[in-house]
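Shown next: coords_14.tsv, given as TSV, C-alpha atoms and all ligand atoms.
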```tsv
chain	number	residue	atom	x	y	z
A	1	MET	CA	37.86	16.26	69.45
A	2	ASN	CA	37.85	13.80	66.56
A	3	PRO	CA	35.11	14.97	64.13
A	4	TYR	CA	34.28	11.34	63.40
A	5	SER	CA	33.73	10.28	67.02
A	6	ALA	CA	29.93	10.02	66.62
A	7	ILE	CA	30.47	7.62	63.68
A	8	GLN	CA	33.06	5.68	65.67
A	9	LYS	CA	30.49	5.29	68.42
A	10	LYS	CA	27.68	4.35	66.04
A	11	LEU	CA	29.89	1.65	64.56
A	12	GLY	CA	30.89	0.36	67.99
A	13	LEU	CA	34.59	0.89	67.35
A	14	THR	CA	36.98	1.29	70.25
A	15	GLN	CA	39.81	2.80	68.19
A	16	GLU	CA	39.60	6.39	66.94
A	17	LEU	CA	38.96	6.67	63.22
A	18	PRO	CA	42.05	7.97	61.40
A	19	TYR	CA	41.44	10.89	59.06
A	20	THR	CA	43.25	13.48	56.98
A	21	PRO	CA	41.71	16.96	57.10
A	22	ASP	CA	40.57	18.07	53.63
A	23	TRP	CA	41.20	14.66	52.05
A	24	SER	CA	38.95	12.35	54.06
A	25	ALA	CA	35.25	12.51	53.21
A	26	ALA	CA	33.40	14.86	55.57
A	27	PRO	CA	31.54	13.41	58.58
A	28	ASP	CA	28.09	14.03	57.10
A	29	PHE	CA	28.96	12.20	53.86
A	30	ILE	CA	30.34	9.30	55.92
A	31	GLU	CA	27.11	9.26	57.94
A	32	LEU	CA	25.05	9.02	54.74
A	33	ILE	CA	26.97	6.07	53.32
A	34	VAL	CA	27.11	4.30	56.70
A	35	GLU	CA	23.36	4.74	57.18
A	36	HIS	CA	22.61	3.32	53.75
A	37	CYS	CA	25.05	0.45	54.13
A	38	LEU	CA	23.68	-0.62	57.51
A	39	GLN	CA	20.12	-0.41	56.25
A	40	ALA	CA	20.40	-1.89	52.73
A	41	LYS	CA	23.16	-4.42	53.55
A	42	PRO	CA	24.59	-4.45	50.03
A	43	GLY	CA	26.56	-7.48	48.89
A	44	VAL	CA	29.16	-5.67	46.80
A	45	ILE	CA	30.29	-2.10	47.40
A	46	VAL	CA	32.72	-0.52	44.96
A	47	GLU	CA	34.54	2.67	45.77
A	48	CYS	CA	36.46	5.12	43.63
A	49	SER	CA	39.23	6.17	46.07
A	50	SER	CA	40.21	4.57	49.35
A	51	GLY	CA	40.69	5.78	52.91
A	52	LEU	CA	38.32	6.50	55.74
A	53	THR	CA	35.33	5.56	53.55
A	54	THR	CA	36.85	2.09	53.06
A	55	LEU	CA	37.29	1.58	56.79
A	56	VAL	CA	33.74	2.55	57.75
A	57	LEU	CA	32.15	0.58	54.91
A	58	ALA	CA	34.20	-2.49	55.82
A	59	ARG	CA	33.01	-2.15	59.40
A	60	CYS	CA	29.40	-1.94	58.16
A	61	CYS	CA	29.92	-5.21	56.24
A	62	GLN	CA	31.28	-6.79	59.42
A	63	LEU	CA	28.26	-5.61	61.40
A	64	ASN	CA	25.90	-6.69	58.61
A	65	GLN	CA	27.64	-10.07	58.41
A	66	ARG	CA	27.30	-9.57	54.68
A	67	GLY	CA	29.10	-7.81	51.89
A	68	GLN	CA	32.54	-6.77	50.77
A	69	VAL	CA	34.17	-3.52	49.74
A	70	ILE	CA	36.31	-3.24	46.63
A	71	SER	CA	38.21	-0.01	46.57
A	72	LEU	CA	39.93	1.42	43.50
A	73	GLU	CA	42.90	3.55	44.53
A	74	ASN	CA	45.24	5.26	42.09
A	75	GLY	CA	47.95	6.18	44.61
A	76	GLU	CA	50.05	3.18	45.56
A	77	GLU	CA	51.04	4.75	48.89
A	78	TYR	CA	47.41	5.48	49.75
A	79	ALA	CA	46.38	1.95	48.76
A	80	GLU	CA	49.01	0.58	51.15
A	81	LYS	CA	48.03	3.01	53.90
A	82	THR	CA	44.38	1.97	53.66
A	83	ARG	CA	45.35	-1.73	53.74
A	84	GLN	CA	47.35	-1.09	56.91
A	85	GLN	CA	44.43	0.74	58.50
A	86	LEU	CA	42.08	-2.12	57.64
A	87	GLN	CA	44.51	-4.51	59.34
A	88	ALA	CA	44.79	-2.28	62.39
A	89	PHE	CA	40.99	-2.45	62.74
A	90	GLY	CA	40.84	-6.18	61.98
A	91	LEU	CA	38.72	-5.45	58.91
A	92	GLU	CA	40.97	-6.74	56.14
A	93	THR	CA	38.65	-9.61	55.23
A	94	TYR	CA	35.83	-7.17	54.45
A	95	ALA	CA	37.65	-4.91	51.99
A	96	GLN	CA	40.24	-5.17	49.27
A	97	VAL	CA	42.10	-2.16	47.97
A	98	ILE	CA	43.11	-2.48	44.34
A	99	HIS	CA	45.97	-0.31	43.16
A	100	SER	CA	44.44	1.10	39.97
A	101	PRO	CA	46.67	3.75	38.39
A	102	LEU	CA	44.89	6.39	36.37
A	103	GLU	CA	45.03	5.82	32.62
A	104	LYS	CA	43.74	7.75	29.61
A	105	VAL	CA	40.23	6.97	28.40
A	106	THR	CA	38.28	8.75	25.69
A	107	LEU	CA	34.52	9.19	26.09
A	108	ASP	CA	32.56	11.19	23.51
A	109	SER	CA	35.79	12.69	22.17
A	110	ASN	CA	36.79	13.91	25.66
A	111	GLU	CA	39.88	12.48	27.26
A	112	TYR	CA	39.95	11.65	31.00
A	113	ASP	CA	42.34	10.05	33.45
A	114	TRP	CA	40.44	7.19	35.01
A	115	TYR	CA	41.19	4.16	37.16
A	116	ASP	CA	42.60	1.14	35.35
A	117	LEU	CA	39.69	-1.28	35.73
A	118	THR	CA	41.62	-4.39	34.62
A	119	LEU	CA	41.78	-5.80	38.15
A	120	LEU	CA	38.18	-5.02	39.10
A	121	PRO	CA	36.47	-8.41	39.41
A	122	ASP	CA	33.34	-9.13	37.40
A	123	VAL	CA	30.94	-8.29	40.23
A	124	SER	CA	27.45	-6.86	40.36
A	125	ILE	CA	27.79	-3.56	42.21
A	126	GLU	CA	24.96	-2.78	44.62
A	127	MET	CA	26.50	0.35	46.12
A	128	LEU	CA	28.98	2.66	44.41
A	129	VAL	CA	30.78	5.42	46.32
A	130	ILE	CA	32.59	8.00	44.21
A	131	ASP	CA	35.08	10.16	46.07
A	132	GLY	CA	37.90	10.19	43.50
A	133	PRO	CA	39.84	10.88	41.47
A	134	PRO	CA	40.59	14.35	42.89
A	135	GLY	CA	38.70	17.15	41.15
A	136	PHE	CA	41.73	19.28	40.36
A	137	ILE	CA	43.29	16.81	37.93
A	138	GLN	CA	40.85	17.48	35.10
A	139	LYS	CA	37.49	18.95	34.13
A	140	ASN	CA	34.57	16.76	35.31
A	141	SER	CA	37.05	14.34	36.84
A	142	ARG	CA	34.45	11.80	38.01
A	143	TYR	CA	32.28	11.74	34.88
A	144	PRO	CA	33.69	8.38	33.63
A	145	ALA	CA	32.30	6.55	36.69
A	146	MET	CA	28.88	6.10	35.13
A	147	PRO	CA	29.75	5.20	31.53
A	148	LEU	CA	32.56	2.88	32.63
A	149	LEU	CA	30.81	1.15	35.54
A	150	PHE	CA	27.17	1.25	34.42
A	151	ASP	CA	27.17	-2.28	33.00
A	152	GLN	CA	28.46	-3.63	36.31
A	153	LEU	CA	25.84	-1.82	38.39
A	154	ALA	CA	23.14	-4.10	39.79
A	155	LYS	CA	19.58	-3.55	38.57
A	156	GLN	CA	18.77	-1.73	41.82
A	157	ALA	CA	21.98	0.07	42.73
A	158	MET	CA	22.67	3.19	44.76
A	159	VAL	CA	25.44	5.61	43.90
A	160	PHE	CA	26.84	8.20	46.32
A	161	LEU	CA	28.85	11.03	44.78
A	162	ASP	CA	30.87	13.20	47.16
A	163	ASP	CA	31.73	16.87	46.57
A	164	ALA	CA	28.48	17.27	44.64
A	165	ALA	CA	28.26	20.98	45.56
A	166	ARG	CA	31.04	21.73	43.06
A	167	ASP	CA	30.19	23.07	39.60
A	168	ASP	CA	31.91	20.12	37.90
A	169	GLU	CA	29.90	17.56	39.86
A	170	LYS	CA	26.66	19.43	39.16
A	171	GLU	CA	27.51	19.40	35.46
A	172	LEU	CA	28.47	15.75	35.32
A	173	VAL	CA	25.38	14.64	37.26
A	174	ALA	CA	23.21	16.59	34.79
A	175	GLN	CA	25.03	14.82	31.97
A	176	TRP	CA	24.46	11.37	33.57
A	177	LEU	CA	20.77	12.11	34.04
A	178	LYS	CA	20.46	12.96	30.33
A	179	GLU	CA	22.32	9.84	29.28
A	180	TYR	CA	20.81	7.29	31.69
A	181	PRO	CA	17.02	7.54	31.96
A	182	ASP	CA	16.94	4.73	34.55
A	183	ILE	CA	18.61	6.95	37.16
A	184	SER	CA	16.83	9.20	39.62
A	185	HIS	CA	18.67	11.84	41.61
A	186	GLU	CA	18.47	13.40	45.03
A	187	TYR	CA	20.80	16.18	46.05
A	188	ILE	CA	21.65	16.27	49.74
A	189	ASN	CA	22.84	19.57	51.13
A	190	ALA	CA	25.79	18.10	53.01
A	191	GLU	CA	28.97	20.03	53.89
A	192	ARG	CA	30.49	19.35	50.44
A	193	GLY	CA	27.25	18.23	48.80
A	194	CYS	CA	26.19	14.66	48.12
A	195	SER	CA	24.38	13.36	45.07
A	196	VAL	CA	22.48	10.15	45.66
A	197	LEU	CA	21.62	8.39	42.42
A	198	THR	CA	19.17	5.53	42.48
A	199	LEU	CA	19.32	3.14	39.62
A	200	SER	CA	16.41	1.05	38.59
A	201	LYS	CA	17.34	-0.71	35.38
A	202	ARG	CA	14.33	-1.59	33.24
A	203	VAL	CA	16.15	-4.48	31.54
A	301	LIG	C1	39.27	12.95	48.42
A	301	LIG	S1	40.39	11.65	48.72
A	301	LIG	C2	39.21	10.54	49.41
A	301	LIG	C3	39.72	9.34	50.08
A	301	LIG	C4	38.67	8.48	50.80
A	301	LIG	N1	37.43	8.35	50.11
A	301	LIG	C5	38.43	8.97	52.21
A	301	LIG	O1	37.34	9.38	52.55
A	301	LIG	O2	39.40	8.92	52.98
A	301	LIG	C6	40.65	11.08	47.05
A	301	LIG	C7	42.06	10.63	46.69
A	301	LIG	O3	43.00	11.59	47.10
A	301	LIG	C8	44.26	10.98	47.31
A	301	LIG	N2	44.74	11.42	48.62
A	301	LIG	C9	44.37	10.99	49.84
A	301	LIG	N3	45.01	11.66	50.81
A	301	LIG	C10	45.82	12.55	50.20
A	301	LIG	C11	46.74	13.53	50.66
A	301	LIG	N4	46.96	13.72	51.97
A	301	LIG	N5	47.41	14.24	49.72
A	301	LIG	C12	47.20	14.06	48.41
A	301	LIG	N6	46.32	13.13	47.91
A	301	LIG	C13	45.65	12.40	48.79
A	301	LIG	C14	44.05	9.47	47.26
A	301	LIG	O4	44.53	8.99	46.00
A	301	LIG	C15	42.54	9.35	47.34
A	301	LIG	O5	42.07	8.23	46.62
```

Any chance you could put this one into structure tokens?
Amino acid sequence: MNPYSAIQKKLGLTQELPYTPDWSAAPDFIELIVEHCLQAKPGVIVECSSGLTTLVLARCCQLNQRGQVISLENGEEYAEKTRQQLQAFGLETYAQVIHSPLEKVTLDSNEYDWYDLTLLPDVSIEMLVIDGPPGFIQKNSRYPAMPLLFDQLAKQAMVFLDDAARDDEKELVAQWLKEYPDISHEYINAERGCSVLTLSKRV
């Protein structure tokens, strides 16, 4: 049985959701982002990594009759695969996948590989989903998300970080909370852990 069949049903999709064991976000993380997206109806959703998350969020935008997904994907073949899946579901107008190769950035004297943001449009991000880059490529792989995207986050934005049960994610969330006093944090005990960060910018 497809582990995503309950989500497929919730989203009123007739086709089975395609997934890759171990690489696709777990069903409970998908449920969390779908629930938020259907309820909050964000205008702009940005994603770090593409795949199943892109498909379900695009479907939420279709159901909401509002919003678009912009997905940053470092792997050209995965970017193309996600575009094809969006087409197969008739959702290509609700999501764009930007091929964003990882490039070196230095933050506080630490070097990271992070998505090339050159092609990210100048949008105000209401929902940010962080499920990449993969954790094994470097220490605290997803730390740059906040310093590099903070200025583009809307005043009231929600951030969903997958794999938050890992030591690296716990460490980088603690670091964000020290650096950004306008963020509050809720940890959800999902299969791989989910950190939900609520931003409420004072200025
Ligand atoms: C954890 S995956 C998450 C993808 C997406 N959020 C989802 O739920 O399907 C993060 C990244 O791993 C890479 N990736 C995806 N499938 C892969 C595979 N089968 N083997 C190696 N890398 C993969 C892609 O670059 C992707 O952006």

Tell me which protein, DNA and RNA residues are within 9 Å of stretch 187-197 of chain A, counting only C-alpha atoms, leaving out same-chain ones fewer than 2 positions away, and put them as a list in words.
Ala25, Ala26, Pro27, Asp28, Phe29, Leu32, Ala157, Met158, Val159, Phe160, Leu161, Asp162, Asp163, Ala164, Ala165, Arg166, Glu169, Lys170, Val173, Ile183, Ser184, His185 and Leu199 of chain A

Could you please extract the residues within 9 Å of ligand LIG 301 (chain A), counting all atoms listed in the file, and hand them back as a PyMOL selection string?
chain A and resi 18-26+29-30+47-55+72-79+82+129-135+162-163

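Proximity of A:Pro121, A:Gly67, A:Gly43, A:Pro144 to A:Leu107, computed with only C-alpha atoms, is greatest for A:Pro144.
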
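Among A:Thr198, A:Asn140, A:Gln84, A:Gln62, the residue with the shortest atom-to-atom distance to A:Met127, counting all atoms listed in the file, is A:Thr198.
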
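Straight-line separation from atom CA of A:Ser141 to atom CA of A:Leu172: 8.8 Å.
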
A straight line from atom CA of A:Arg59 to atom CA of A:Glu16 spans 13.2 Å

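The gap separating atom CA of A:Ile98 from atom CA of A:Ser71 is 5.9 Å, in Å to one decimal.
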
Could you add whatever atoms are missing so that stretch 163-189 of chain A carries N, CA and C atoms, then write the result as a PDB file, in the coordinates of the input?
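The resulting file, rebuild-v3.pdb, is shown below:
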```
ATOM      1  N   ASP A 163      31.329  15.571  47.129  1.00  0.00           N
ATOM      2  CA  ASP A 163      31.730  16.870  46.570  1.00  0.00           C
ATOM      3  C   ASP A 163      30.741  17.375  45.514  1.00  0.00           C
ATOM      4  N   ALA A 164      29.479  16.972  45.667  1.00  0.00           N
ATOM      5  CA  ALA A 164      28.480  17.270  44.640  1.00  0.00           C
ATOM      6  C   ALA A 164      28.073  18.741  44.616  1.00  0.00           C
ATOM      7  N   ALA A 165      28.564  19.543  45.577  1.00  0.00           N
ATOM      8  CA  ALA A 165      28.260  20.980  45.560  1.00  0.00           C
ATOM      9  C   ALA A 165      29.115  21.719  44.526  1.00  0.00           C
ATOM     10  N   ARG A 166      30.157  21.047  44.005  1.00  0.00           N
ATOM     11  CA  ARG A 166      31.040  21.730  43.060  1.00  0.00           C
ATOM     12  C   ARG A 166      30.377  21.828  41.681  1.00  0.00           C
ATOM     13  N   ASP A 167      30.782  22.870  40.934  1.00  0.00           N
ATOM     14  CA  ASP A 167      30.190  23.070  39.600  1.00  0.00           C
ATOM     15  C   ASP A 167      30.426  21.845  38.705  1.00  0.00           C
ATOM     16  N   ASP A 168      31.615  21.283  38.751  1.00  0.00           N
ATOM     17  CA  ASP A 168      31.910  20.120  37.900  1.00  0.00           C
ATOM     18  C   ASP A 168      30.974  18.958  38.194  1.00  0.00           C
ATOM     19  N   GLU A 169      30.765  18.692  39.490  1.00  0.00           N
ATOM     20  CA  GLU A 169      29.900  17.560  39.860  1.00  0.00           C
ATOM     21  C   GLU A 169      28.453  17.836  39.445  1.00  0.00           C
ATOM     22  N   LYS A 170      28.023  19.110  39.583  1.00  0.00           N
ATOM     23  CA  LYS A 170      26.660  19.430  39.160  1.00  0.00           C
ATOM     24  C   LYS A 170      26.514  19.172  37.655  1.00  0.00           C
ATOM     25  N   GLU A 171      27.544  19.569  36.921  1.00  0.00           N
ATOM     26  CA  GLU A 171      27.510  19.400  35.460  1.00  0.00           C
ATOM     27  C   GLU A 171      27.527  17.923  35.063  1.00  0.00           C
ATOM     28  N   LEU A 172      28.367  17.155  35.739  1.00  0.00           N
ATOM     29  CA  LEU A 172      28.470  15.750  35.320  1.00  0.00           C
ATOM     30  C   LEU A 172      27.242  14.944  35.742  1.00  0.00           C
ATOM     31  N   VAL A 173      26.620  15.321  36.860  1.00  0.00           N
ATOM     32  CA  VAL A 173      25.380  14.640  37.260  1.00  0.00           C
ATOM     33  C   VAL A 173      24.285  14.950  36.236  1.00  0.00           C
ATOM     34  N   ALA A 174      24.211  16.215  35.806  1.00  0.00           N
ATOM     35  CA  ALA A 174      23.210  16.590  34.790  1.00  0.00           C
ATOM     36  C   ALA A 174      23.441  15.784  33.515  1.00  0.00           C
ATOM     37  N   GLN A 175      24.690  15.602  33.169  1.00  0.00           N
ATOM     38  CA  GLN A 175      25.030  14.820  31.970  1.00  0.00           C
ATOM     39  C   GLN A 175      24.598  13.363  32.134  1.00  0.00           C
ATOM     40  N   TRP A 176      24.879  12.761  33.313  1.00  0.00           N
ATOM     41  CA  TRP A 176      24.460  11.370  33.570  1.00  0.00           C
ATOM     42  C   TRP A 176      22.936  11.247  33.446  1.00  0.00           C
ATOM     43  N   LEU A 177      22.230  12.223  34.030  1.00  0.00           N
ATOM     44  CA  LEU A 177      20.770  12.110  34.040  1.00  0.00           C
ATOM     45  C   LEU A 177      20.200  12.173  32.615  1.00  0.00           C
ATOM     46  N   LYS A 178      20.891  12.905  31.751  1.00  0.00           N
ATOM     47  CA  LYS A 178      20.460  12.960  30.330  1.00  0.00           C
ATOM     48  C   LYS A 178      20.742  11.618  29.656  1.00  0.00           C
ATOM     49  N   GLU A 179      21.882  11.038  29.997  1.00  0.00           N
ATOM     50  CA  GLU A 179      22.320   9.840  29.280  1.00  0.00           C
ATOM     51  C   GLU A 179      21.717   8.540  29.799  1.00  0.00           C
ATOM     52  N   TYR A 180      21.299   8.547  31.080  1.00  0.00           N
ATOM     53  CA  TYR A 180      20.810   7.290  31.690  1.00  0.00           C
ATOM     54  C   TYR A 180      19.415   7.532  32.276  1.00  0.00           C
ATOM     55  N   PRO A 181      18.381   7.268  31.496  1.00  0.00           N
ATOM     56  CA  PRO A 181      17.020   7.540  31.960  1.00  0.00           C
ATOM     57  C   PRO A 181      16.593   6.670  33.144  1.00  0.00           C
ATOM     58  N   ASP A 182      17.327   5.614  33.429  1.00  0.00           N
ATOM     59  CA  ASP A 182      16.940   4.730  34.550  1.00  0.00           C
ATOM     60  C   ASP A 182      17.451   5.234  35.901  1.00  0.00           C
ATOM     61  N   ILE A 183      18.042   6.420  35.908  1.00  0.00           N
ATOM     62  CA  ILE A 183      18.610   6.950  37.160  1.00  0.00           C
ATOM     63  C   ILE A 183      17.732   8.079  37.690  1.00  0.00           C
ATOM     64  N   SER A 184      17.454   8.032  39.002  1.00  0.00           N
ATOM     65  CA  SER A 184      16.830   9.200  39.620  1.00  0.00           C
ATOM     66  C   SER A 184      17.833   9.823  40.598  1.00  0.00           C
ATOM     67  N   HIS A 185      17.636  11.089  40.884  1.00  0.00           N
ATOM     68  CA  HIS A 185      18.670  11.840  41.610  1.00  0.00           C
ATOM     69  C   HIS A 185      18.100  12.630  42.778  1.00  0.00           C
ATOM     70  N   GLU A 186      18.806  12.535  43.899  1.00  0.00           N
ATOM     71  CA  GLU A 186      18.470  13.400  45.030  1.00  0.00           C
ATOM     72  C   GLU A 186      19.751  14.103  45.461  1.00  0.00           C
ATOM     73  N   TYR A 187      19.649  15.414  45.564  1.00  0.00           N
ATOM     74  CA  TYR A 187      20.800  16.180  46.050  1.00  0.00           C
ATOM     75  C   TYR A 187      20.655  16.401  47.548  1.00  0.00           C
ATOM     76  N   ILE A 188      21.692  16.054  48.295  1.00  0.00           N
ATOM     77  CA  ILE A 188      21.650  16.270  49.740  1.00  0.00           C
ATOM     78  C   ILE A 188      22.620  17.398  50.091  1.00  0.00           C
ATOM     79  N   ASN A 189      22.088  18.354  50.839  1.00  0.00           N
ATOM     80  CA  ASN A 189      22.840  19.570  51.130  1.00  0.00           C
ATOM     81  C   ASN A 189      23.844  19.320  52.266  1.00  0.00           C
TER      82      ASN A 189
END
```
